[in-house]
file query.cif (mmCIF, C-alpha atoms)
data_protein
loop_
_atom_site.label_atom_id
_atom_site.label_comp_id
_atom_site.auth_asym_id
_atom_site.auth_seq_id
_atom_site.Cartn_x
_atom_site.Cartn_y
_atom_site.Cartn_z
CA MET A 101 -28.36 7.65 -22.21
CA ASN A 102 -28.81 7.41 -18.49
CA LEU A 103 -27.55 10.62 -16.94
CA MET A 104 -26.96 9.07 -13.53
CA TYR A 105 -24.33 6.46 -12.90
CA SER A 106 -25.03 3.74 -10.38
CA CYS A 107 -23.12 3.76 -7.08
CA ARG A 108 -21.27 0.71 -8.28
CA ARG A 109 -20.06 2.49 -11.40
CA VAL A 110 -19.18 5.55 -9.33
CA ALA A 111 -16.92 3.43 -7.09
CA GLU A 112 -15.07 2.23 -10.19
CA LEU A 113 -14.58 5.78 -11.37
CA LEU A 114 -13.43 6.90 -7.93
CA SER A 115 -10.66 4.34 -8.12
CA GLN A 116 -9.82 5.14 -11.73
CA ARG A 117 -9.58 8.82 -10.86
CA LEU A 118 -6.69 8.07 -8.51
CA ASP A 119 -4.73 6.68 -11.45
CA GLU A 120 -5.61 8.75 -14.49
CA PRO A 121 -7.67 11.81 -15.40
CA LEU A 122 -11.26 10.96 -16.26
CA GLY A 123 -12.95 12.11 -19.42
CA LEU A 124 -14.96 15.29 -19.16
CA LEU A 125 -18.30 13.52 -19.30
CA ASP A 126 -17.35 10.91 -16.70
CA GLU A 127 -16.02 13.66 -14.44
CA MET A 128 -19.26 15.63 -14.75
CA ARG A 129 -21.50 12.69 -14.11
CA LEU A 130 -19.34 11.64 -11.18
CA LYS A 131 -19.56 15.10 -9.60
CA LEU A 132 -23.29 15.21 -10.17
CA HIS A 133 -23.73 11.84 -8.51
CA LEU A 134 -21.49 12.75 -5.55
CA SER A 135 -23.41 15.98 -4.98
CA MET A 136 -26.58 13.98 -4.48
CA CYS A 137 -25.38 10.76 -2.85
CA GLY A 138 -24.10 10.60 0.73
CA ASN A 139 -23.01 6.98 0.47
CA CYS A 140 -20.77 7.63 -2.51
CA SER A 141 -19.39 10.81 -0.94
CA HIS A 142 -18.28 8.72 2.03
CA VAL A 143 -16.80 6.08 -0.23
CA ALA A 144 -14.95 8.84 -2.12
CA GLU A 145 -13.44 10.24 1.09
CA GLN A 146 -12.55 6.81 2.37
CA MET A 147 -10.93 5.65 -0.83
CA GLU A 148 -8.86 8.82 -0.82
CA ALA A 149 -7.91 8.27 2.83
CA VAL A 150 -6.83 4.68 2.15
CA HIS A 151 -4.85 5.85 -0.91
CA LYS A 152 -2.96 8.46 1.11
CA ALA A 153 -2.37 6.22 4.10
CA SER A 154 -1.11 3.44 1.83
CA ALA A 155 1.44 5.74 0.23
CA GLU A 156 2.73 6.66 3.66
CA LEU A 157 2.73 3.11 4.93
CA LEU A 158 4.49 1.73 1.87
CA SER A 159 7.21 4.36 1.65
CA ASN A 160 8.09 3.72 5.27
CA GLY A 161 8.47 0.01 4.80
CA PHE A 162 5.61 -0.93 7.11
CA ALA A 163 7.58 0.69 9.91
CA LEU A 164 4.98 -0.17 12.44
CA ASP A 165 6.82 -1.81 15.24
CA GLU A 166 9.14 1.10 15.62
CA PRO A 167 8.92 2.41 19.12
CA VAL A 168 6.25 4.99 19.76
CA PRO A 169 7.94 8.35 20.29
CA PRO A 170 7.92 9.45 23.90
CA ALA A 171 4.90 11.45 24.95
CA PRO A 172 5.48 15.20 25.06
CA PRO A 173 6.20 16.53 28.57
CA ARG A 174 3.12 17.59 30.43
CA MET B 32 30.91 2.28 21.28
CA ALA B 33 32.07 0.64 24.50
CA ASP B 34 28.61 -0.25 25.61
CA VAL B 35 27.77 -3.92 25.66
CA ARG B 36 24.60 -4.90 23.92
CA VAL B 37 22.81 -7.54 25.89
CA ASP B 38 19.51 -7.65 24.05
CA PRO B 39 19.05 -9.71 20.91
CA PRO B 40 19.45 -7.22 18.10
CA ALA B 41 16.53 -8.49 16.08
CA LEU B 42 14.17 -7.82 18.91
CA ARG B 43 15.74 -4.84 20.52
CA SER B 44 16.83 -2.66 17.64
CA PRO B 45 14.15 -1.78 15.18
CA PRO B 46 15.81 -0.36 12.09
CA HIS B 47 15.11 3.25 12.71
CA ALA B 48 18.58 4.50 13.56
CA GLU B 49 19.67 7.90 12.43
CA PRO B 50 22.32 8.75 9.85
CA GLY B 51 25.78 8.62 11.29
CA LEU B 52 25.23 5.25 12.86
CA ASP B 53 28.45 3.29 13.24
CA ALA B 54 29.20 0.09 11.37
CA ALA B 55 28.71 -2.29 14.30
CA SER B 56 25.39 -0.77 15.14
CA LEU B 57 24.30 -0.94 11.50
CA GLU B 58 25.29 -4.58 11.35
CA SER B 59 23.24 -5.38 14.42
CA GLN B 60 20.17 -3.96 12.71
CA LEU B 61 20.53 -5.83 9.44
CA PRO B 62 18.69 -9.03 10.43
CA ALA B 63 15.56 -7.17 11.49
CA LEU B 64 15.83 -4.90 8.46
CA ARG B 65 16.11 -7.92 6.17
CA VAL B 66 12.95 -9.50 7.57
CA ARG B 67 11.06 -6.25 7.14
CA LEU B 68 12.23 -5.70 3.58
CA ILE B 69 11.46 -9.25 2.49
CA ARG B 70 7.93 -8.92 3.75
CA HIS B 71 7.61 -5.71 1.77
CA ALA B 72 9.15 -7.11 -1.41
CA ARG B 73 6.96 -10.22 -1.34
CA TYR B 74 3.83 -8.12 -1.69
CA ALA B 75 5.18 -6.61 -4.90
CA LEU B 76 6.60 -9.76 -6.53
CA SER B 77 5.22 -13.16 -7.37
CA ASP B 78 8.34 -15.06 -6.50
CA ASP B 79 9.70 -15.32 -2.94
CA GLY B 80 13.19 -16.27 -4.12
CA LEU B 81 13.33 -13.17 -6.25
CA ALA B 82 12.15 -11.05 -3.31
CA GLU B 83 15.01 -12.41 -1.23
CA ASP B 84 17.54 -11.75 -3.99
CA LEU B 85 16.46 -8.15 -4.42
CA VAL B 86 16.52 -7.61 -0.66
CA GLN B 87 20.03 -9.05 -0.57
CA ASP B 88 21.10 -6.53 -3.23
CA THR B 89 19.41 -3.81 -1.22
CA LEU B 90 21.23 -4.74 1.97
CA MET B 91 24.55 -4.68 0.13
CA ALA B 92 23.75 -1.19 -1.12
CA VAL B 93 22.75 -0.18 2.41
CA VAL B 94 26.09 -1.35 3.81
CA GLU B 95 28.09 0.24 0.99
CA GLN B 96 26.31 3.57 0.91
CA HIS B 97 25.50 3.98 4.54
CA ALA B 98 28.53 6.09 5.40
CA ARG B 99 27.67 8.57 2.65
CA ARG B 100 24.02 8.76 3.53
CA ARG B 101 22.50 12.18 4.04
CA GLY B 102 19.11 13.20 5.20
CA GLU B 103 16.69 12.76 7.99
CA SER B 104 14.88 9.60 7.02
CA SER B 105 15.12 6.50 9.17
CA LEU B 106 17.26 3.58 8.08
CA LEU B 107 14.14 1.59 7.21
CA THR B 108 12.62 4.35 5.11
CA TRP B 109 15.92 4.85 3.31
CA ALA B 110 16.40 1.12 2.71
CA THR B 111 12.79 0.81 1.51
CA ALA B 112 13.48 3.50 -1.09
CA ILE B 113 16.52 1.55 -2.34
CA LEU B 114 14.46 -1.64 -2.48
CA LYS B 115 11.75 0.18 -4.37
CA ASN B 116 14.24 1.18 -7.08
CA LYS B 117 15.52 -2.38 -7.31
CA VAL B 118 12.04 -3.83 -7.68
CA ALA B 119 11.07 -1.18 -10.24
CA ASP B 120 14.29 -1.83 -12.18
CA TRP B 121 13.54 -5.52 -12.14
CA TYR B 122 10.13 -4.95 -13.67
CA ARG B 123 11.62 -2.62 -16.26
CA SER B 124 14.55 -4.78 -17.23
CA PRO B 125 13.94 -6.00 -20.81
CA THR B 126 15.85 -9.24 -20.33
CA ARG B 127 13.65 -10.27 -17.44
CA LYS B 128 10.42 -9.58 -19.22
CA ARG B 129 9.63 -13.19 -19.94
CA MET B 130 10.11 -14.05 -16.27
CA VAL B 131 7.19 -11.91 -15.24
CA TYR B 132 4.32 -14.17 -14.58
CA PHE B 133 0.90 -12.85 -13.77
CA GLY B 134 -1.54 -15.41 -12.47
CA THR B 135 -5.11 -14.94 -11.41
CA ASP B 136 -6.46 -14.86 -7.90
CA ASP B 137 -9.38 -16.87 -6.72
CA GLU B 138 -12.53 -14.98 -7.33
CA HIS B 139 -13.95 -15.38 -3.85
CA GLY B 140 -12.75 -11.93 -2.80
CA ASP B 141 -15.06 -10.44 -5.40
CA ASP B 142 -18.17 -11.74 -3.69
CA ALA B 143 -17.69 -9.39 -0.75
CA ILE B 144 -17.66 -6.41 -3.08
CA ASP B 145 -20.60 -7.67 -5.12
CA ALA B 146 -22.55 -8.08 -1.89
CA LEU B 147 -22.30 -4.34 -1.21
CA TYR B 148 -24.63 -3.54 -4.07
CA SER B 149 -28.19 -4.24 -5.02
CA PRO B 150 -28.87 -5.45 -8.56
CA ASP B 151 -29.30 -1.87 -9.76
CA GLY B 152 -25.88 -0.94 -8.33
CA ALA B 153 -26.92 1.02 -5.23
CA TYR B 154 -25.46 0.35 -1.76
CA VAL B 155 -27.52 -2.17 0.17
CA GLU B 156 -26.43 -0.79 3.55
CA PRO B 157 -25.78 2.90 4.25
CA VAL B 158 -22.07 3.76 4.09
CA PRO B 159 -21.08 5.35 7.40
CA ALA B 160 -18.69 8.32 7.52
CA TRP B 161 -15.21 7.76 8.96
CA GLN B 162 -13.87 9.94 11.64
CA GLN B 163 -10.27 10.79 10.86
CA PRO B 164 -7.73 9.71 13.49
CA ASP B 165 -6.96 12.56 15.85
CA TYR B 166 -3.89 11.47 17.71
CA ARG B 167 -0.64 9.86 16.79
CA THR B 168 -1.56 6.68 18.62
CA GLU B 169 -4.77 6.50 16.61
CA GLN B 170 -2.88 7.02 13.38
CA ARG B 171 -0.51 4.23 14.32
CA GLN B 172 -3.43 2.01 15.07
CA MET B 173 -4.90 2.85 11.70
CA MET B 174 -1.60 2.04 9.98
CA THR B 175 -1.34 -1.26 11.83
CA VAL B 176 -4.78 -2.26 10.62
CA LEU B 177 -4.04 -1.04 7.11
CA GLU B 178 -0.90 -3.14 6.96
CA ARG B 179 -2.85 -6.20 7.96
CA CYS B 180 -5.48 -5.39 5.37
CA VAL B 181 -2.84 -5.02 2.62
CA SER B 182 -1.30 -8.33 3.64
CA CYS B 183 -4.71 -9.98 3.31
CA LEU B 184 -5.20 -8.92 -0.31
CA PRO B 185 -5.09 -11.85 -2.73
CA ARG B 186 -1.54 -12.17 -4.00
CA GLN B 187 -1.89 -10.96 -7.58
CA THR B 188 -4.24 -8.18 -6.54
CA GLY B 189 -1.78 -7.09 -3.87
CA ARG B 190 0.98 -7.12 -6.42
CA VAL B 191 -0.83 -4.76 -8.79
CA PHE B 192 -1.70 -2.55 -5.83
CA MET B 193 1.97 -2.42 -4.78
CA MET B 194 3.13 -1.65 -8.33
CA ARG B 195 0.74 1.27 -8.43
CA GLU B 196 0.91 2.63 -4.88
CA TRP B 197 4.46 1.76 -3.90
CA LEU B 198 6.45 1.66 -7.14
CA GLY B 199 4.32 4.48 -8.54
CA PHE B 200 3.89 2.86 -11.95
CA GLU B 201 1.22 4.33 -14.21
CA THR B 202 -1.55 1.86 -14.98
CA SER B 203 -0.40 1.77 -18.62
CA GLU B 204 3.01 0.59 -17.45
CA ILE B 205 1.51 -2.03 -15.14
CA CYS B 206 -0.49 -3.37 -18.09
CA GLU B 207 2.62 -3.50 -20.22
CA ARG B 208 4.83 -5.14 -17.58
CA LEU B 209 2.28 -7.75 -16.57
CA GLY B 210 0.66 -8.27 -19.93
CA VAL B 211 -2.86 -7.47 -18.73
CA SER B 212 -5.44 -5.24 -20.38
CA ALA B 213 -6.10 -1.71 -19.14
CA GLU B 214 -9.62 -2.74 -18.21
CA ASN B 215 -8.37 -5.69 -16.19
CA CYS B 216 -5.82 -3.49 -14.46
CA ARG B 217 -8.48 -0.91 -13.50
CA THR B 218 -10.73 -3.64 -12.19
CA ILE B 219 -7.97 -5.16 -10.07
CA LEU B 220 -7.05 -1.77 -8.57
CA HIS B 221 -10.67 -0.95 -7.93
CA ARG B 222 -11.23 -4.25 -6.16
CA ALA B 223 -8.04 -3.83 -4.15
CA ARG B 224 -9.14 -0.41 -2.93
CA MET B 225 -12.68 -1.47 -2.18
CA SER B 226 -11.36 -4.49 -0.27
CA LEU B 227 -9.05 -2.27 1.75
CA ARG B 228 -11.89 0.14 2.44
CA GLU B 229 -14.10 -2.71 3.59
CA CYS B 230 -11.32 -4.20 5.68
CA MET B 231 -10.64 -0.84 7.35
CA GLN B 232 -14.33 -0.36 7.96
CA ARG B 233 -14.56 -3.73 9.67
CA ASP B 234 -11.28 -3.90 11.57
CA TRP B 235 -10.51 -0.28 12.32
CA ILE B 236 -13.66 1.85 12.30
CA GLY B 237 -15.74 -1.05 13.60
CA THR B 238 -13.47 -1.66 16.57
CA ARG B 239 -13.09 2.03 17.31
CA ALA B 240 -16.81 2.48 17.51
CA SER B 241 -17.18 -0.34 20.01
CA VAL B 242 -14.54 0.99 22.42
#
call {"tool": "encode", "arguments": {"input": "query.cif", "output": "structure tokens"}}
result
Amino acid sequence: MNLMYSCRRVAELLSQRLDEPLGLLDEMRLKLHLSMCGNCSHVAEQMEAVHKASAELLSNGFALDEPVPPAPPR
Amino acid sequence: MADVRVDPPALRSPPHAEPGLDAASLESQLPALRVRLIRHARYALSDDGLAEDLVQDTLMAVVEQHARRRGESSLLTWATAILKNKVADWYRSPTRKRMVYFGTDDEHGDDAIDALYSPDGAYVEPVPAWQQPDYRTEQRQMMTVLERCVSCLPRQTGRVFMMREWLGFETSEICERLGVSAENCRTILHRARMSLRECMQRDWIGTRASV
């Protein structure tokens, strides 16, 4: 058994983790990989950021062309 | 109430009015609200006619319940929550089950993800860190890009993404409602998220860096 997952497999688990708890072994191997791999750590942060921003965007109905609130007084 | 509105409502009045809005003012906002909600519903459904029907139901609920509305959320946010329930109910309705059709997207979107990795599954190019947006204008810019990225997802992929991230369905429920395997569902969500990450990297981070 290969102890290290590939970055590709790690990206799949990072997505899966947003939907369901991972098994203990997957979780351990994921953490081990992230602790040693800068690329995957960035992907993990970014996938999380996109997940959070999407939730906000979607619950507000893509409310993007609402007027920008006035700037605070100087 | 005596003021005369000279601007076209669809352009002038984004649906963000506060609770307590009077009926005439609500009415003037409905066309713009309808357009916005249809766009939203289309991402979550395979059928445009169905999206329009559910938005119509939503607008009726908005008009009926508006006077009793409580809370701080904008009209659009509130209406989006009503639409969300209607779309979720539609997916959960047993009589409509056979109407749910899940097609497959073209595979060409997959190539971009495959290209990220070497044959042994490592990243070909280093993955740069993202700097989080600092100011409200930057956050808005990020959201604008994200919306465009979501709208560019292949249709069926976008639909699964919306069922998960907007409707909040568990993956097991998505599988059940769409008749896809758990593995397939995971793969679709993974590809959706990687595509969004790539799209944000290219169109948001990439443009920020060059400014």
call {"tool": "interface_residues", "arguments": {"input": "query.cif", "of": "chain A", "to": "chain B", "cutoff": "9 Å", "atoms": "all atoms listed in the file", "output": "VMD selection string"}}
result
chain A and resid 105 to 109 111 to 116 119 to 120 138 to 143 145 to 147 149 to 151 153 to 168
call {"tool": "resolve_selection", "arguments": {"input": "query.cif", "expression": "the PyMOL selection byres ((chain B and resi 90-94) around 12)", "output": "PyMOL selection string"}}
result
chain B and resi 46+50+52-69+83-89+95-100+106-114+116-117
call {"tool": "atom_distance", "arguments": {"input": "query.cif", "atom1": "CA of Arg117 in chain A", "atom2": "CA of Arg179 in chain B"}}
result
25.0 Å
call {"tool": "atom_distance", "arguments": {"input": "query.cif", "atom1": "CA of Leu209 in chain B", "atom2": "CA of Met194 in chain B"}}
result
10.3 Å
call {"tool": "atom_distance", "arguments": {"input": "query.cif", "atom1": "CA of Asp79 in chain B", "atom2": "CA of Arg190 in chain B"}}
result
12.5 Å
